[in-house]
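These notes concern the structure reproduced below.
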Amino acid sequence: MQTAKFESDRIQVNSTKESLEIIISGKIPSGQFTMLTAWLIAWTIAGIYVISQAFSFAGDQLIYMIVWLGFWAYFEYRIGSAWLWRKFGREVFLIKENETQLRFEVSYGGKANAFKTEDLRNFKNLEKDKSQFVKSFFSSFWVVGGETIGFYHKGKLHSFGRQISASDADKILALIQKRIS
C-alpha cells in the first residue's frame, strides 16, 4: 500500500493497485477544540439551570421558558454533534474497480453509501461555486459541513471533503480522475 501525504495533516491517501482510499479527519487545532468544548459545557450548564428553574414560573413566563428550552435543545444537539465530529469524526472515500463507498464516521462507525464506480459522473470542486458568505460560514470550526468535492450518481449530487481547501480538493480530484479513467 502506498500512502501519499498531503500538505494538510487532515488528509490521508492510501493507494493500491486495487483501490484508492481518501480519509479526511474532522479534527481541528487544539485551541479551537478547547473553545468548542468550553462552549458545549457552558451551554449545557445554562440549559440545566433553566430546566431546574423553568417550572417555578407560571403563565406567560412558563411558555417563554419552554420555548427557550426548545431553542436550547436544538443548539445543544448542534454543538454536541460538532464536538463529536471534531473529536472522533472522519470521512472515508474508497474507490474500487466496481464499487465506491462514501462514509461519514464518528468513532469508526457510520453507514457507508455504496455506488457503482462506473455510474459516478462529473466530479468537481464545489468550493469554486460558493459565495463568499457561504465559504466563510462553512469554514467555521463549530460548523459540521462545507463539503468541497461533489459528484453525481444517477442524477443526484453527493459531496464530501468537509472544510478542506480548494487546492487540496483539486489534488484529490486529480487522484480520483486518474483512478476512474
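Residue numbering restarts at 1 in every chain; chains get A, B, ... in the order shown in the C-alpha cells, and ligands count up from 1 in that same order.
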Sorted by chain and rising residue number, which residues of range 19-120 of chain A lie within 6 Å of range 7-15 of chain A, and what are their closest atom pairs and distances in Å to one decimal, counting only C-alpha atoms, as a Markdown table?
```
| residue | atom | partner | partner_atom | distance |
| --- | --- | --- | --- | --- |
| A:Ser19 | CA | A:Ser15 | CA | 6.0 |
| A:Leu20 | CA | A:Ser15 | CA | 4.6 |
| A:Glu21 | CA | A:Asn14 | CA | 5.0 |
| A:Ile22 | CA | A:Val13 | CA | 4.6 |
| A:Ile23 | CA | A:Gln12 | CA | 5.1 |
| A:Ile24 | CA | A:Ile11 | CA | 4.6 |
| A:Ser25 | CA | A:Arg10 | CA | 4.9 |
```
(message) When you look at Leu36 in chain A with a cut-off of 10 Å (counting only C-alpha atoms), what residues show up, excluding the ones that are within fewer than 5 positions of it in the same chain? I need them as a VMD selection string.
(response) chain A and resid 30 to 31 41 to 42 79 to 80 82 to 83 86 141 to 142
(message) Could you check the closest approach to Asn98 in chain A for each of A:Asn125, A:Val144, A:Phe115, A:Asp60 and tell me which residue wins, using only C-alpha atoms?
(response)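 Under the stated criterion, the closest residue is A:Phe115.
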(request) Have a look at A:Lys154, A:Lys96, A:Arg103, A:Arg162 and name the one nearest to Thr16 in chain A; count only C-alpha atoms. (result) A:Lys96
(request) Choose the residue, out of A:Gln32, A:Ser181, A:Ile63, A:Glu76, that has the smallest atom-to-atom separation from Ile45 in chain A; count only C-alpha atoms. (result)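 Distance minimum relative to Ile45 in chain A lands on A:Glu76.
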(message) So that I can see what lies close to Thr117 in chain A, please list as a ChimeraX atom specification the residues with an atom at most 10 Å from it, counting only C-alpha atoms and leaving out residues fewer than 4 positions away in the same chain.
(response) /A:95-101,121,153,180
Keeping N, CA and C atoms, export the residues of the selection given above as a PDB file, in the first residue's frame.
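Result file again_13.pdb:
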```pdb
ATOM      1  N   ILE A  95     -12.498   4.067  -3.473  1.00  0.00           N
ATOM      2  CA  ILE A  95     -12.805   3.694  -4.852  1.00  0.00           C
ATOM      3  C   ILE A  95     -12.165   2.345  -5.141  1.00  0.00           C
ATOM      4  N   LYS A  96     -13.007   1.399  -5.543  1.00  0.00           N
ATOM      5  CA  LYS A  96     -12.529   0.111  -6.044  1.00  0.00           C
ATOM      6  C   LYS A  96     -12.994  -0.006  -7.488  1.00  0.00           C
ATOM      7  N   GLU A  97     -12.604  -1.065  -8.143  1.00  0.00           N
ATOM      8  CA  GLU A  97     -12.921  -1.199  -9.564  1.00  0.00           C
ATOM      9  C   GLU A  97     -14.426  -1.168  -9.822  1.00  0.00           C
ATOM     10  N   ASN A  98     -15.199  -1.887  -9.033  1.00  0.00           N
ATOM     11  CA  ASN A  98     -16.636  -1.994  -9.287  1.00  0.00           C
ATOM     12  C   ASN A  98     -17.500  -1.205  -8.312  1.00  0.00           C
ATOM     13  N   GLU A  99     -16.951  -0.880  -7.146  1.00  0.00           N
ATOM     14  CA  GLU A  99     -17.765  -0.226  -6.121  1.00  0.00           C
ATOM     15  C   GLU A  99     -16.992   0.919  -5.482  1.00  0.00           C
ATOM     16  N   THR A 100     -17.724   1.979  -5.210  1.00  0.00           N
ATOM     17  CA  THR A 100     -17.161   3.120  -4.490  1.00  0.00           C
ATOM     18  C   THR A 100     -18.004   3.336  -3.243  1.00  0.00           C
ATOM     19  N   GLN A 101     -17.338   3.609  -2.129  1.00  0.00           N
ATOM     20  CA  GLN A 101     -18.041   3.853  -0.868  1.00  0.00           C
ATOM     21  C   GLN A 101     -17.715   5.236  -0.343  1.00  0.00           C
ATOM     22  N   ARG A 121     -20.247  10.338 -12.012  1.00  0.00           N
ATOM     23  CA  ARG A 121     -20.062  11.329 -13.068  1.00  0.00           C
ATOM     24  C   ARG A 121     -19.744  12.694 -12.482  1.00  0.00           C
ATOM     25  N   HIS A 153     -24.283  10.756  -9.008  1.00  0.00           N
ATOM     26  CA  HIS A 153     -24.573   9.334  -9.160  1.00  0.00           C
ATOM     27  C   HIS A 153     -26.055   9.214  -9.482  1.00  0.00           C
ATOM     28  N   ILE A 180     -10.296   6.721 -11.872  1.00  0.00           N
ATOM     29  CA  ILE A 180     -11.528   6.328 -12.568  1.00  0.00           C
ATOM     30  C   ILE A 180     -11.299   6.151 -14.059  1.00  0.00           C
TER      31      ILE A 180
END
```
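In this structure, CA of Trp43 in chain A sits 8.6 Å away from CA of Phe75 in chain A.
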(message) Just want the 7 Å neighbourhood of Val106 in chain A, counted on only C-alpha atoms, with same-chain residues fewer than 3 positions away dropped. Output as a PyMOL selection string.
(response) chain A and resi 85+88-90+109-110
Please save C-alpha atoms of the selected residues as an mmCIF file, in the first residue's frame.
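Result written to result.cif:
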```cif
data_model
loop_
_atom_site.group_PDB
_atom_site.id
_atom_site.type_symbol
_atom_site.label_atom_id
_atom_site.label_comp_id
_atom_site.auth_asym_id
_atom_site.auth_seq_id
_atom_site.Cartn_x
_atom_site.Cartn_y
_atom_site.Cartn_z
ATOM 1 C CA TRP A 85 -17.366 15.242 14.772
ATOM 2 C CA PHE A 88 -13.886 11.434 16.562
ATOM 3 C CA GLY A 89 -15.121 12.143 13.023
ATOM 4 C CA ARG A 90 -13.678 11.330 9.644
ATOM 5 C CA GLY A 109 -18.912 3.766 12.959
ATOM 6 C CA GLY A 110 -21.235 5.011 10.321
#
```
(request) Do a neighbour search on Thr44 in chain A at 12 Å with only C-alpha atoms, toss out local chain neighbours closer than 5 positions, and write the hits as a PyMOL selection string. (result) chain A and resi 37-39+49-51+69+72-80
(request) Within range 20-157 of chain A, find each residue whose DSSP state, derived from the backbone, is alpha helix (DSSP H), and express the selection as a PyMOL selection string. (result) chain A and resi 30-54+60-88+132-138
Write out, as a compact mmCIF listing (two decimals), in the first residue's frame, the residues just selected, with C-alpha atoms.
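Full text of part15.txt as output:
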```txt
# COMPACT_ATOMS: atom_id res chain seq x y z
CA SER A 30 -6.40 22.09 19.92
CA GLY A 31 -7.12 25.76 20.75
CA GLN A 32 -10.28 25.71 18.66
CA PHE A 33 -11.31 22.36 20.12
CA THR A 34 -10.84 23.75 23.63
CA MET A 35 -13.10 26.71 22.79
CA LEU A 36 -15.72 24.35 21.34
CA THR A 37 -15.55 22.21 24.48
CA ALA A 38 -15.93 25.27 26.73
CA TRP A 39 -18.91 26.43 24.66
CA LEU A 40 -20.56 22.98 24.94
CA ILE A 41 -20.02 22.87 28.72
CA ALA A 42 -21.31 26.42 29.27
CA TRP A 43 -24.35 25.83 27.03
CA THR A 44 -25.15 22.57 28.85
CA ILE A 45 -24.86 24.21 32.29
CA ALA A 46 -27.09 27.10 31.18
CA GLY A 47 -29.72 24.66 29.93
CA ILE A 48 -29.63 22.57 33.11
CA TYR A 49 -30.04 25.71 35.20
CA VAL A 50 -33.01 26.93 33.15
CA ILE A 51 -34.62 23.47 33.30
CA SER A 52 -34.22 23.45 37.10
CA GLN A 53 -35.90 26.86 37.34
CA ALA A 54 -38.41 26.70 34.48
CA ASP A 60 -46.53 33.56 30.08
CA GLN A 61 -43.18 33.11 31.80
CA LEU A 62 -43.56 29.33 31.71
CA ILE A 63 -44.40 29.46 27.98
CA TYR A 64 -41.35 31.66 27.38
CA MET A 65 -39.12 29.19 29.27
CA ILE A 66 -40.49 26.22 27.34
CA VAL A 67 -39.89 28.00 24.02
CA TRP A 68 -36.37 28.96 25.15
CA LEU A 69 -35.69 25.34 26.11
CA GLY A 70 -36.77 24.26 22.62
CA PHE A 71 -34.13 26.56 21.11
CA TRP A 72 -31.63 25.44 23.73
CA ALA A 73 -32.21 21.74 22.92
CA TYR A 74 -31.75 22.36 19.19
CA PHE A 75 -28.45 24.17 19.68
CA GLU A 76 -27.32 21.66 22.32
CA TYR A 77 -27.75 18.97 19.67
CA ARG A 78 -25.88 21.03 17.04
CA ILE A 79 -22.98 21.86 19.37
CA GLY A 80 -22.81 18.26 20.62
CA SER A 81 -22.76 16.94 17.05
CA ALA A 82 -19.98 19.36 16.10
CA TRP A 83 -17.98 18.36 19.20
CA LEU A 84 -18.30 14.65 18.41
CA TRP A 85 -17.37 15.24 14.77
CA ARG A 86 -14.31 17.29 15.72
CA LYS A 87 -13.17 14.75 18.32
CA PHE A 88 -13.89 11.43 16.56
CA GLN A 132 -18.06 34.37 -0.04
CA PHE A 133 -20.64 34.29 2.76
CA VAL A 134 -21.20 30.54 2.37
CA LYS A 135 -17.44 29.89 2.25
CA SER A 136 -16.95 31.95 5.40
CA PHE A 137 -19.82 30.31 7.31
CA PHE A 138 -18.88 26.73 6.46
```
(request) Find the distance between CA of Phe104 in chain A and CA of Phe160 in chain A and write it in Å to one decimal. (result)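 Separation between CA of Phe104 in chain A and CA of Phe160 in chain A: 8.6 Å.
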(message) I'd like to know which residues of chain A are strand (DSSP E) (by DSSP, run on the backbone); could you write them as an NGL selection string?
(response) :A and (2-5 or 11-15 or 19-25 or 89-96 or 99-106 or 112-116 or 120-125 or 147-153 or 156-162)
Got time to write the residues from that selection, C-alpha atoms, as a short mmCIF file (atom, residue, chain, number, x, y, z; two decimals), in the first residue's frame?
```
data_model
loop_
_atom_site.label_atom_id
_atom_site.label_comp_id
_atom_site.auth_asym_id
_atom_site.auth_seq_id
_atom_site.Cartn_x
_atom_site.Cartn_y
_atom_site.Cartn_z
CA GLN A 2 1.28 3.41 -0.91
CA THR A 3 0.41 6.37 1.32
CA ALA A 4 0.60 9.90 -0.04
CA LYS A 5 0.98 12.76 2.44
CA ILE A 11 -5.96 14.22 4.68
CA GLN A 12 -4.51 10.76 4.19
CA VAL A 13 -4.46 8.96 0.84
CA ASN A 14 -3.84 5.22 0.54
CA SER A 15 -3.40 3.92 -2.97
CA SER A 19 -8.20 0.76 -4.61
CA LEU A 20 -7.85 4.42 -3.74
CA GLU A 21 -8.81 5.40 -0.20
CA ILE A 22 -9.09 9.04 0.87
CA ILE A 23 -9.51 9.70 4.59
CA ILE A 24 -10.35 13.21 5.78
CA SER A 25 -10.23 13.82 9.51
CA GLY A 89 -15.12 12.14 13.02
CA ARG A 90 -13.68 11.33 9.64
CA GLU A 91 -14.80 10.91 6.05
CA VAL A 92 -13.73 7.88 4.05
CA PHE A 93 -14.00 7.81 0.26
CA LEU A 94 -12.97 4.41 -1.13
CA ILE A 95 -12.81 3.69 -4.85
CA LYS A 96 -12.53 0.11 -6.04
CA GLU A 99 -17.77 -0.23 -6.12
CA THR A 100 -17.16 3.12 -4.49
CA GLN A 101 -18.04 3.85 -0.87
CA LEU A 102 -18.55 7.14 0.94
CA ARG A 103 -18.72 7.02 4.74
CA PHE A 104 -19.05 9.73 7.36
CA GLU A 105 -17.82 8.09 10.54
CA VAL A 106 -17.79 9.04 14.19
CA ALA A 112 -21.47 3.60 4.03
CA ASN A 113 -23.17 4.80 0.89
CA ALA A 114 -22.19 2.42 -1.90
CA PHE A 115 -22.16 3.34 -5.59
CA LYS A 116 -21.24 1.50 -8.75
CA LEU A 120 -20.08 8.14 -11.00
CA ARG A 121 -20.06 11.33 -13.07
CA ASN A 122 -18.91 14.95 -13.04
CA PHE A 123 -16.53 15.15 -10.10
CA LYS A 124 -15.98 18.82 -9.33
CA ASN A 125 -14.66 21.29 -6.81
CA GLU A 147 -18.19 19.84 1.63
CA THR A 148 -15.82 20.79 -1.18
CA ILE A 149 -15.91 17.82 -3.57
CA GLY A 150 -19.05 16.77 -5.38
CA PHE A 151 -20.04 14.08 -7.85
CA TYR A 152 -23.21 12.84 -9.45
CA HIS A 153 -24.57 9.33 -9.16
CA LYS A 156 -28.14 13.01 -7.60
CA LEU A 157 -25.34 15.18 -6.20
CA HIS A 158 -23.24 13.65 -3.41
CA SER A 159 -20.48 15.54 -1.64
CA PHE A 160 -17.62 15.10 0.80
CA GLY A 161 -14.41 16.84 1.83
CA ARG A 162 -15.69 18.92 4.74
#
```
